[in-house]
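As stored in my_file.txt (compact mmCIF, C-alpha atoms and all ligand atoms):
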```
# COMPACT_ATOMS: atom_id res chain seq x y z
CA MET A 1 0.00 0.00 0.00
CA LEU A 2 2.71 2.47 1.00
CA ILE A 3 5.03 1.52 -1.86
CA LEU A 4 2.14 1.68 -4.34
CA SER A 5 1.16 5.12 -2.99
CA VAL A 6 4.73 6.36 -3.46
CA VAL A 7 4.82 4.99 -7.03
CA ILE A 8 1.49 6.68 -7.84
CA PHE A 9 2.70 9.95 -6.32
CA ILE A 10 5.89 9.83 -8.41
CA ALA A 11 3.83 9.06 -11.54
CA GLY A 12 1.73 12.13 -10.70
CA LEU A 13 4.88 14.26 -10.32
CA ALA A 14 6.13 13.09 -13.72
CA ILE A 15 2.78 13.84 -15.38
CA GLY A 16 2.85 17.24 -13.64
CA SER A 17 6.23 17.93 -15.21
CA PHE A 18 4.71 17.16 -18.62
CA LEU A 19 1.68 19.37 -17.87
CA ASN A 20 4.07 22.24 -17.08
CA VAL A 21 5.61 21.80 -20.51
CA VAL A 22 2.20 21.68 -22.23
CA ALA A 23 1.04 24.89 -20.51
CA LEU A 24 4.34 26.71 -21.02
CA ARG A 25 4.59 25.79 -24.69
CA TYR A 26 0.98 26.84 -25.17
CA LEU A 27 1.70 30.22 -23.57
CA LYS A 28 4.76 30.62 -25.80
CA LYS A 29 2.94 29.25 -28.87
CA GLN A 30 5.51 26.47 -29.30
CA SER A 31 5.03 22.84 -30.23
CA VAL A 32 4.62 20.44 -27.31
CA VAL A 33 7.24 18.03 -28.67
CA LEU A 34 9.96 20.36 -29.97
CA PRO A 35 12.31 21.98 -29.11
CA SER A 36 13.87 20.16 -26.15
CA SER A 37 13.57 21.74 -22.69
CA HIS A 38 15.96 24.59 -22.06
CA CYS A 39 16.51 27.35 -19.53
CA PRO A 40 14.35 30.32 -20.62
CA LYS A 41 17.17 32.75 -19.67
CA CYS A 42 20.45 31.26 -20.89
CA LEU A 43 18.81 28.82 -23.37
CA THR A 44 21.13 25.99 -22.28
CA PRO A 45 19.42 22.69 -23.10
CA LEU A 46 18.56 20.93 -19.86
CA LYS A 47 19.88 17.44 -19.09
CA PHE A 48 17.53 14.83 -17.70
CA TRP A 49 18.92 15.29 -14.16
CA ASP A 50 17.88 18.95 -14.37
CA LEU A 51 14.34 17.82 -15.10
CA ILE A 52 13.60 15.36 -12.30
CA PRO A 53 10.24 16.55 -10.96
CA LEU A 54 10.42 18.38 -7.63
CA LEU A 55 13.84 16.91 -6.79
CA SER A 56 15.85 18.95 -9.31
CA TYR A 57 14.24 22.16 -8.11
CA LEU A 58 15.09 21.33 -4.49
CA LEU A 59 18.66 20.20 -5.27
CA LEU A 60 19.34 23.26 -7.43
CA GLN A 61 17.70 25.45 -4.74
CA GLY A 62 15.46 27.02 -7.33
CA LYS A 63 18.24 28.27 -9.63
CA CYS A 64 19.37 27.33 -13.14
CA ARG A 65 22.51 25.14 -12.90
CA TYR A 66 24.19 27.08 -15.71
CA CYS A 67 23.30 30.77 -15.31
CA LYS A 68 21.91 30.79 -11.73
CA GLU A 69 18.71 32.48 -12.89
CA SER A 70 15.84 31.81 -10.48
CA ILE A 71 13.43 29.11 -11.63
CA SER A 72 9.77 29.94 -11.10
CA PRO A 73 8.35 28.04 -8.11
CA VAL A 74 5.27 27.46 -10.28
CA TYR A 75 7.01 24.41 -11.85
CA PRO A 76 7.56 22.38 -8.67
CA LEU A 77 4.19 23.58 -7.34
CA VAL A 78 2.38 22.23 -10.41
CA GLU A 79 4.29 18.94 -10.12
CA LEU A 80 3.31 18.69 -6.47
CA ILE A 81 -0.37 19.44 -7.20
CA SER A 82 -0.36 16.79 -9.92
CA GLY A 83 1.22 14.25 -7.53
CA VAL A 84 -1.42 15.07 -4.91
CA ILE A 85 -4.25 14.68 -7.46
CA PHE A 86 -2.95 11.23 -8.48
CA LEU A 87 -2.69 10.14 -4.85
CA TRP A 88 -6.10 11.65 -4.08
CA SER A 89 -7.61 9.69 -6.97
CA TYR A 90 -6.02 6.43 -5.78
CA PHE A 91 -7.24 6.85 -2.19
CA ILE A 92 -10.82 7.63 -3.26
CA PHE A 93 -11.28 5.40 -6.31
CA GLY A 94 -8.46 2.82 -6.25
CA PHE A 95 -7.77 1.57 -9.77
CA SER A 96 -10.98 2.03 -11.74
CA LEU A 97 -12.55 3.91 -14.59
CA GLN A 98 -13.43 6.61 -12.06
CA SER A 99 -9.78 7.05 -11.07
CA LEU A 100 -8.83 7.30 -14.75
CA GLU A 101 -11.58 9.89 -15.24
CA PHE A 102 -10.36 11.80 -12.19
CA VAL A 103 -6.70 12.01 -13.23
CA VAL A 104 -7.54 12.81 -16.87
CA LEU A 105 -9.82 15.64 -15.78
CA GLY A 106 -7.32 16.73 -13.12
CA SER A 107 -4.56 16.94 -15.74
CA PHE A 108 -6.64 19.07 -18.11
CA LEU A 109 -7.66 21.32 -15.24
CA ILE A 110 -4.04 21.82 -14.16
CA VAL A 111 -3.06 23.01 -17.65
CA LEU A 112 -6.16 25.22 -17.92
CA SER A 113 -5.56 26.70 -14.47
CA ILE A 114 -1.91 27.58 -15.20
CA ILE A 115 -2.96 29.37 -18.41
CA ASP A 116 -5.91 31.06 -16.68
CA PHE A 117 -3.63 32.36 -13.89
CA LYS A 118 -1.10 33.71 -16.39
CA GLU A 119 -3.31 35.07 -19.18
CA PHE A 120 -6.88 35.06 -17.82
CA ILE A 121 -8.14 32.88 -20.62
CA LEU A 122 -9.28 29.29 -20.92
CA PRO A 123 -8.20 28.36 -24.46
CA ASP A 124 -11.00 26.91 -26.63
CA LYS A 125 -8.71 24.25 -28.03
CA ILE A 126 -7.80 22.75 -24.62
CA VAL A 127 -11.40 23.01 -23.33
CA PHE A 128 -12.51 21.22 -26.51
CA TYR A 129 -9.98 18.37 -26.01
CA ASN A 130 -11.21 18.15 -22.42
CA LEU A 131 -14.77 17.78 -23.71
CA ILE A 132 -13.73 15.00 -26.12
CA ALA A 133 -11.92 13.21 -23.27
CA GLY A 134 -15.08 13.52 -21.16
CA ILE A 135 -17.30 12.04 -23.89
CA ILE A 136 -14.86 9.13 -24.45
CA LEU A 137 -14.81 8.42 -20.69
CA LYS A 138 -18.62 8.44 -20.46
CA ILE A 139 -18.77 6.00 -23.39
CA GLY A 140 -16.20 3.95 -21.45
CA TYR A 141 -18.69 3.74 -18.56
CA LEU A 142 -21.33 2.45 -20.98
CA ILE A 143 -18.98 -0.21 -22.36
CA ASN A 144 -18.10 -1.09 -18.76
CA GLY A 145 -21.75 -1.95 -18.12
CA SER A 146 -23.25 1.32 -16.86
CA ASN A 147 -26.87 2.15 -17.64
CA ILE A 148 -27.53 4.34 -20.71
CA ASN A 149 -28.94 6.90 -18.24
CA ILE A 150 -25.37 7.93 -17.41
CA LEU A 151 -25.27 9.70 -20.80
CA LEU A 152 -28.56 11.49 -20.13
CA TYR A 153 -27.45 12.59 -16.66
CA SER A 154 -24.10 13.77 -18.04
CA LEU A 155 -25.76 15.76 -20.82
CA ALA A 156 -28.27 17.26 -18.37
CA GLY A 157 -25.35 18.26 -16.13
CA ALA A 158 -23.54 19.84 -19.07
CA PHE A 159 -26.55 21.92 -20.13
CA ILE A 160 -27.42 23.03 -16.59
CA GLY A 161 -23.79 24.08 -15.97
CA PHE A 162 -23.61 25.87 -19.29
CA LEU A 163 -26.97 27.63 -18.90
CA PHE A 164 -26.21 28.85 -15.40
CA PHE A 165 -22.88 30.37 -16.42
CA TYR A 166 -24.25 31.71 -19.68
CA ILE A 167 -26.95 33.66 -17.82
CA ILE A 168 -24.34 35.12 -15.46
CA PHE A 169 -22.16 35.93 -18.44
CA LEU A 170 -25.08 37.83 -20.07
CA LEU A 171 -25.90 39.70 -16.86
CA TYR A 172 -22.34 40.44 -15.78
CA PRO A 173 -19.92 40.09 -18.71
CA GLU A 174 -17.02 41.84 -16.92
CA GLY A 175 -17.04 39.27 -14.14
CA MET A 176 -16.81 36.15 -16.23
CA GLY A 177 -15.13 35.11 -19.45
CA GLY A 178 -16.67 33.14 -22.29
CA GLY A 179 -14.08 30.46 -21.49
CA ASP A 180 -15.68 29.91 -18.08
CA VAL A 181 -19.04 29.31 -19.79
CA LYS A 182 -17.55 26.67 -22.11
CA LEU A 183 -15.65 25.02 -19.28
CA ALA A 184 -18.92 24.93 -17.28
CA PHE A 185 -20.42 22.77 -20.04
CA VAL A 186 -17.48 20.35 -19.86
CA LEU A 187 -17.40 20.15 -16.06
CA GLY A 188 -21.19 19.79 -15.94
CA LEU A 189 -20.76 16.79 -18.23
CA PHE A 190 -18.15 15.25 -15.94
CA VAL A 191 -20.07 15.69 -12.66
CA GLY A 192 -23.52 15.12 -14.24
CA PHE A 193 -27.01 15.72 -12.92
CA PRO A 194 -27.84 16.24 -10.03
CA LEU A 195 -24.31 16.78 -8.67
CA VAL A 196 -23.96 19.73 -11.07
CA PHE A 197 -25.91 21.80 -8.51
CA LEU A 198 -23.42 20.99 -5.76
CA TRP A 199 -20.58 21.80 -8.16
CA LEU A 200 -22.13 25.21 -8.96
CA PHE A 201 -22.56 25.95 -5.27
CA LEU A 202 -18.97 24.92 -4.41
CA SER A 203 -17.56 26.95 -7.33
CA PHE A 204 -19.13 30.17 -6.11
CA PHE A 205 -18.50 29.35 -2.46
CA LEU A 206 -14.78 28.61 -2.98
CA GLY A 207 -14.54 31.47 -5.49
CA SER A 208 -15.82 33.95 -2.89
CA ILE A 209 -13.46 32.67 -0.20
CA GLY A 210 -10.59 32.85 -2.69
CA GLY A 211 -11.63 36.36 -3.71
CA VAL A 212 -11.69 37.62 -0.13
CA LEU A 213 -8.32 36.03 0.72
CA TYR A 214 -6.88 37.49 -2.47
CA LEU A 215 -8.05 41.02 -1.60
CA LEU A 216 -6.75 40.68 1.95
CA THR A 217 -3.30 39.39 1.01
CA LEU A 218 -2.50 41.53 -2.03
CA LYS A 219 -1.86 45.23 -1.94
CA LYS A 220 -4.31 47.31 -3.92
CA ARG A 221 -1.92 48.39 -6.63
CA PHE A 222 -1.13 44.79 -7.51
CA ARG A 223 -4.76 43.94 -7.80
CA GLU A 224 -5.67 42.04 -10.91
CA PRO A 225 -8.82 40.11 -11.60
CA LEU A 226 -8.79 36.68 -10.00
CA PRO A 227 -9.22 33.88 -12.55
CA PHE A 228 -12.34 31.81 -11.90
CA GLY A 229 -11.24 28.69 -13.81
CA PRO A 230 -9.17 27.19 -10.97
CA PHE A 231 -12.16 27.42 -8.61
CA LEU A 232 -14.41 25.65 -11.13
CA ALA A 233 -11.69 23.02 -11.41
CA LEU A 234 -11.17 22.40 -7.70
CA SER A 235 -14.93 22.29 -7.10
CA ALA A 236 -15.36 19.69 -9.85
CA LEU A 237 -12.69 17.44 -8.30
CA ILE A 238 -14.30 17.77 -4.85
CA THR A 239 -17.76 17.07 -6.32
CA LEU A 240 -16.52 13.94 -8.13
CA SER A 241 -14.84 12.68 -4.95
CA TRP A 242 -17.33 13.44 -2.19
CA GLY A 243 -20.41 14.81 -3.99
CA ILE A 244 -22.93 12.19 -2.88
CA TYR A 245 -21.54 12.24 0.66
CA LEU A 246 -21.81 16.06 0.86
CA ILE A 247 -25.37 16.05 -0.49
CA ASN A 248 -26.37 13.44 2.11
CA ILE A 249 -24.92 15.61 4.88
CA TYR A 250 -26.82 18.59 3.50
CA PHE A 251 -30.15 16.77 3.46
CA SER A 252 -29.64 15.20 6.89
CA LEU A 253 -29.06 18.73 8.26
CA ILE A 254 -32.18 20.03 6.50
CA TRP A 255 -34.33 17.25 8.01
CA ARG A 256 -33.24 18.26 11.47
CA ILE A 257 -34.40 21.87 11.17
ZN ZN A 301 19.97 29.26 -17.32
```

Could I get this file's structure written as structure tokens?
Ligand SMILES: [Zn+2]
Amino acid sequence: MLILSVVIFIAGLAIGSFLNVVALRYLKKQSVVLPSSHCPKCLTPLKFWDLIPLLSYLLLQGKCRYCKESISPVYPLVELISGVIFLWSYFIFGFSLQSLEFVVLGSFLIVLSIIDFKEFILPDKIVFYNLIAGIILKIGYLINGSNINILLYSLAGAFIGFLFFYIIFLLYPEGMGGGDVKLAFVLGLFVGFPLVFLWLFLSFFLGSIGGVLYLLTLKKRFREPLPFGPFLALSALITLSWGIYLINIYFSLIWRI
């Protein structure tokens, strides 16, 4: 159990390292495959021991081996988050179609969140690939013996998520990007009906907490809009993991009043 957990965590770190590359190359409009990884400052191609997830950053104390330029802590942070998501998936779902769904979605959401933090957009192309992945996974559930209703519930979730965000987008276009509306369709598909309602609630709940913390910690002159995508993402992962449990708690509290 412990050894397996460590292996899964390391696999998550390695995937995180790849997700960093995908997001960075997207931001720089480069191909994902070429050119090989290099230091953005001195352009020295990096050897494989410079690219060991998390470990290289710690050993190099956050500086390029060749020119001593600081390496952004975003890289090891993303690797760590990816490792945690893989471990999280294993603890909740073991090895199953659900765990595959969870890590696939988690990986897309990591890339989307990095780009949203840096450029305040959720690129159509990546959201579209995420949608395709979602549809393939839902078909996988069908092949695996799930009832056809899973497709109906997923589609209902997608349309409810989309509609809700689209209405907010129409009422308050400054507060929300079109990318959020499209991502809401995809995440609604993943969580499905009726959990889509819990996901909507958590998104706005966590978004407000994040917004308040953000205003409290940052000085006014540094204030930039806070991207909403990462909150949609985190809420979707929580909903997939503990959605039914949370809804049961909610209703048991309601009965008591
Ligand atoms: Zn360098």

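For the pair atom CA of Ser36 of chain A and atom CA of Phe86 of chain A, the interatomic distance is 26.0 Å.
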
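The closest residue to ligand ZN 301 (chain A), picked from A:Gly12, A:Ala236, A:Met1, A:Pro45 and counting all atoms listed in the file, is A:Pro45.
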
Next item on the list: Rank nothing, just name the residue among A:Leu226, A:Leu58, A:Ile85, A:Ile126 nearest to Ile238 of chain A, using all atoms listed in the file.
Entry: A:Ile85

Would you write out, as a Markdown table, a table of all residues in chain A that have an atom no more than 6 Å from an atom of ligand ZN 301 (chain A), listing for each the closest atom pair and the distance in Å to one decimal, considering all atoms listed in the file and ordering rows by chain and rising residue number?
```
| residue | atom | partner | partner_atom | distance |
| --- | --- | --- | --- | --- |
| A:Cys39 | CA | A:ZN301 | ZN | 4.5 |
| A:Lys41 | CA | A:ZN301 | ZN | 5.1 |
| A:Cys42 | CA | A:ZN301 | ZN | 4.1 |
| A:Cys64 | CA | A:ZN301 | ZN | 4.6 |
| A:Tyr66 | CA | A:ZN301 | ZN | 5.0 |
| A:Cys67 | CA | A:ZN301 | ZN | 4.2 |
| A:Glu69 | CA | A:ZN301 | ZN | 5.6 |
```

Next item on the list: Please measure the separation of atom CA of Leu19 of chain A and atom CA of Lys138 of chain A, giving the value in Å to one decimal.
Entry: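 According to the coordinates, atom CA of Leu19 of chain A and atom CA of Lys138 of chain A are separated by 23.2 Å.
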
Next item on the list: Enter the distance from atom CA of Phe193 of chain A to atom CA of Ile247 of chain A, in Å, rounded to one decimal.
Entry: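 Result for atom CA of Phe193 of chain A versus atom CA of Ile247 of chain A: 12.5 Å, one decimal.
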
Item checked: Residue neighbourhood segment 105-118 of chain A, 8 Å, all atoms listed in the file, exclusion window fewer than 6 positions, as a PyMOL selection string -> chain A and resi 15-16+19-20+22-23+27+78+82+85+126-127+130+134+226-227+229-230+233+237

Could you please take those selected residues and save C-alpha atoms as a JSON list (two decimals), keeping the file's coordinate frame?
```json
[["chain", "number", "residue", "atom", "x", "y", "z"],
["A", 15, "ILE", "CA", 2.78, 13.84, -15.38],
["A", 16, "GLY", "CA", 2.85, 17.24, -13.64],
["A", 19, "LEU", "CA", 1.68, 19.37, -17.87],
["A", 20, "ASN", "CA", 4.07, 22.24, -17.08],
["A", 22, "VAL", "CA", 2.20, 21.68, -22.23],
["A", 23, "ALA", "CA", 1.04, 24.89, -20.51],
["A", 27, "LEU", "CA", 1.70, 30.22, -23.57],
["A", 78, "VAL", "CA", 2.38, 22.23, -10.41],
["A", 82, "SER", "CA", -0.36, 16.79, -9.92],
["A", 85, "ILE", "CA", -4.25, 14.68, -7.46],
["A", 126, "ILE", "CA", -7.80, 22.75, -24.62],
["A", 127, "VAL", "CA", -11.40, 23.01, -23.33],
["A", 130, "ASN", "CA", -11.21, 18.15, -22.42],
["A", 134, "GLY", "CA", -15.08, 13.52, -21.16],
["A", 226, "LEU", "CA", -8.79, 36.68, -10.00],
["A", 227, "PRO", "CA", -9.22, 33.88, -12.55],
["A", 229, "GLY", "CA", -11.24, 28.69, -13.81],
["A", 230, "PRO", "CA", -9.17, 27.19, -10.97],
["A", 233, "ALA", "CA", -11.69, 23.02, -11.41],
["A", 237, "LEU", "CA", -12.69, 17.44, -8.30]]
```

Checklist line | Top pick for closest residue to Ala184 of chain A, considering A:Ile139, A:Leu122, A:Leu253, A:Ile209 and counting all atoms listed in the file | finding: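 Once distances to Ala184 of chain A are computed over all atoms listed in the file, the minimum belongs to A:Leu122.
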
Tell me, as a PDB file with C-alpha atoms, in the frame of the given file, which residues lie within 12 Å of Phe128 of chain A, counting all atoms listed in the file; anything in the same chain fewer than 3 positions away does not count.
```pdb
ATOM      1  CA  PHE A 108      -6.640  19.070 -18.110  1.00  0.00           C
ATOM      2  CA  LEU A 112      -6.160  25.220 -17.920  1.00  0.00           C
ATOM      3  CA  LEU A 122      -9.280  29.290 -20.920  1.00  0.00           C
ATOM      4  CA  PRO A 123      -8.200  28.360 -24.460  1.00  0.00           C
ATOM      5  CA  ASP A 124     -11.000  26.910 -26.630  1.00  0.00           C
ATOM      6  CA  LYS A 125      -8.710  24.250 -28.030  1.00  0.00           C
ATOM      7  CA  LEU A 131     -14.770  17.780 -23.710  1.00  0.00           C
ATOM      8  CA  ILE A 132     -13.730  15.000 -26.120  1.00  0.00           C
ATOM      9  CA  ALA A 133     -11.920  13.210 -23.270  1.00  0.00           C
ATOM     10  CA  GLY A 134     -15.080  13.520 -21.160  1.00  0.00           C
ATOM     11  CA  ILE A 135     -17.300  12.040 -23.890  1.00  0.00           C
ATOM     12  CA  GLY A 179     -14.080  30.460 -21.490  1.00  0.00           C
ATOM     13  CA  LYS A 182     -17.550  26.670 -22.110  1.00  0.00           C
ATOM     14  CA  LEU A 183     -15.650  25.020 -19.280  1.00  0.00           C
ATOM     15  CA  ALA A 184     -18.920  24.930 -17.280  1.00  0.00           C
ATOM     16  CA  PHE A 185     -20.420  22.770 -20.040  1.00  0.00           C
ATOM     17  CA  VAL A 186     -17.480  20.350 -19.860  1.00  0.00           C
ATOM     18  CA  LEU A 187     -17.400  20.150 -16.060  1.00  0.00           C
TER      19      LEU A 187
END
```

Check: Using only C-alpha atoms, which of A:Ser235, A:Ser17, A:Ser241, A:Ser252 sits nearest Pro53 of chain A?
Finding: A:Ser17

Next item on the list: Go through A:Val191, A:Leu202, A:Leu100, A:Leu213 one by one, measure the shortest atom-to-atom distance of each to Leu232 of chain A using all atoms listed in the file, and give the residue with the smallest value.
Entry: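 The answer is A:Leu202, which sits nearest to Leu232 of chain A.
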
Checklist line | Shortest interatomic distance to Ser208 of chain A - which of A:Gln98, A:Phe231, A:Asp180, A:Ile121, counting all atoms listed in the file | finding: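 Of A:Gln98, A:Phe231, A:Asp180, A:Ile121, the one nearest Ser208 of chain A is A:Phe231, counting all atoms listed in the file.
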
Notebook entry, point to check: Do you know which residues are at most 12 Å from Gly94 of chain A counting all atoms listed in the file, after dropping those on the same chain fewer than 3 positions away, and could you put them as a list in words?
Noted result: Met1, Leu4, Ser5, Ile8, Phe86, Leu87, Trp88, Ser89, Tyr90, Phe91, Leu97, Gln98, Ser99, Leu100, Glu101, Phe102, Val103 and Ser241 of chain A

Output C-alpha atoms for every residue in the selection just made, as a PDB file, in the coordinates of the input.
```
ATOM      1  CA  MET A   1       0.000   0.000   0.000  1.00  0.00           C
ATOM      2  CA  LEU A   4       2.140   1.680  -4.340  1.00  0.00           C
ATOM      3  CA  SER A   5       1.160   5.120  -2.990  1.00  0.00           C
ATOM      4  CA  ILE A   8       1.490   6.680  -7.840  1.00  0.00           C
ATOM      5  CA  PHE A  86      -2.950  11.230  -8.480  1.00  0.00           C
ATOM      6  CA  LEU A  87      -2.690  10.140  -4.850  1.00  0.00           C
ATOM      7  CA  TRP A  88      -6.100  11.650  -4.080  1.00  0.00           C
ATOM      8  CA  SER A  89      -7.610   9.690  -6.970  1.00  0.00           C
ATOM      9  CA  TYR A  90      -6.020   6.430  -5.780  1.00  0.00           C
ATOM     10  CA  PHE A  91      -7.240   6.850  -2.190  1.00  0.00           C
ATOM     11  CA  LEU A  97     -12.550   3.910 -14.590  1.00  0.00           C
ATOM     12  CA  GLN A  98     -13.430   6.610 -12.060  1.00  0.00           C
ATOM     13  CA  SER A  99      -9.780   7.050 -11.070  1.00  0.00           C
ATOM     14  CA  LEU A 100      -8.830   7.300 -14.750  1.00  0.00           C
ATOM     15  CA  GLU A 101     -11.580   9.890 -15.240  1.00  0.00           C
ATOM     16  CA  PHE A 102     -10.360  11.800 -12.190  1.00  0.00           C
ATOM     17  CA  VAL A 103      -6.700  12.010 -13.230  1.00  0.00           C
ATOM     18  CA  SER A 241     -14.840  12.680  -4.950  1.00  0.00           C
TER      19      SER A 241
END
```

Assuming 8 Å of padding per side, give the centre and edge lengths of the axis-aligned box around every listed atom of segment 106-121 of chain A, in Å to one decimal and as lines of an AutoDock Vina configuration file.
```
center_x = -4.6
center_y = 25.9
center_z = -16.9
size_x = 23.0
size_y = 34.3
size_z = 23.5
```
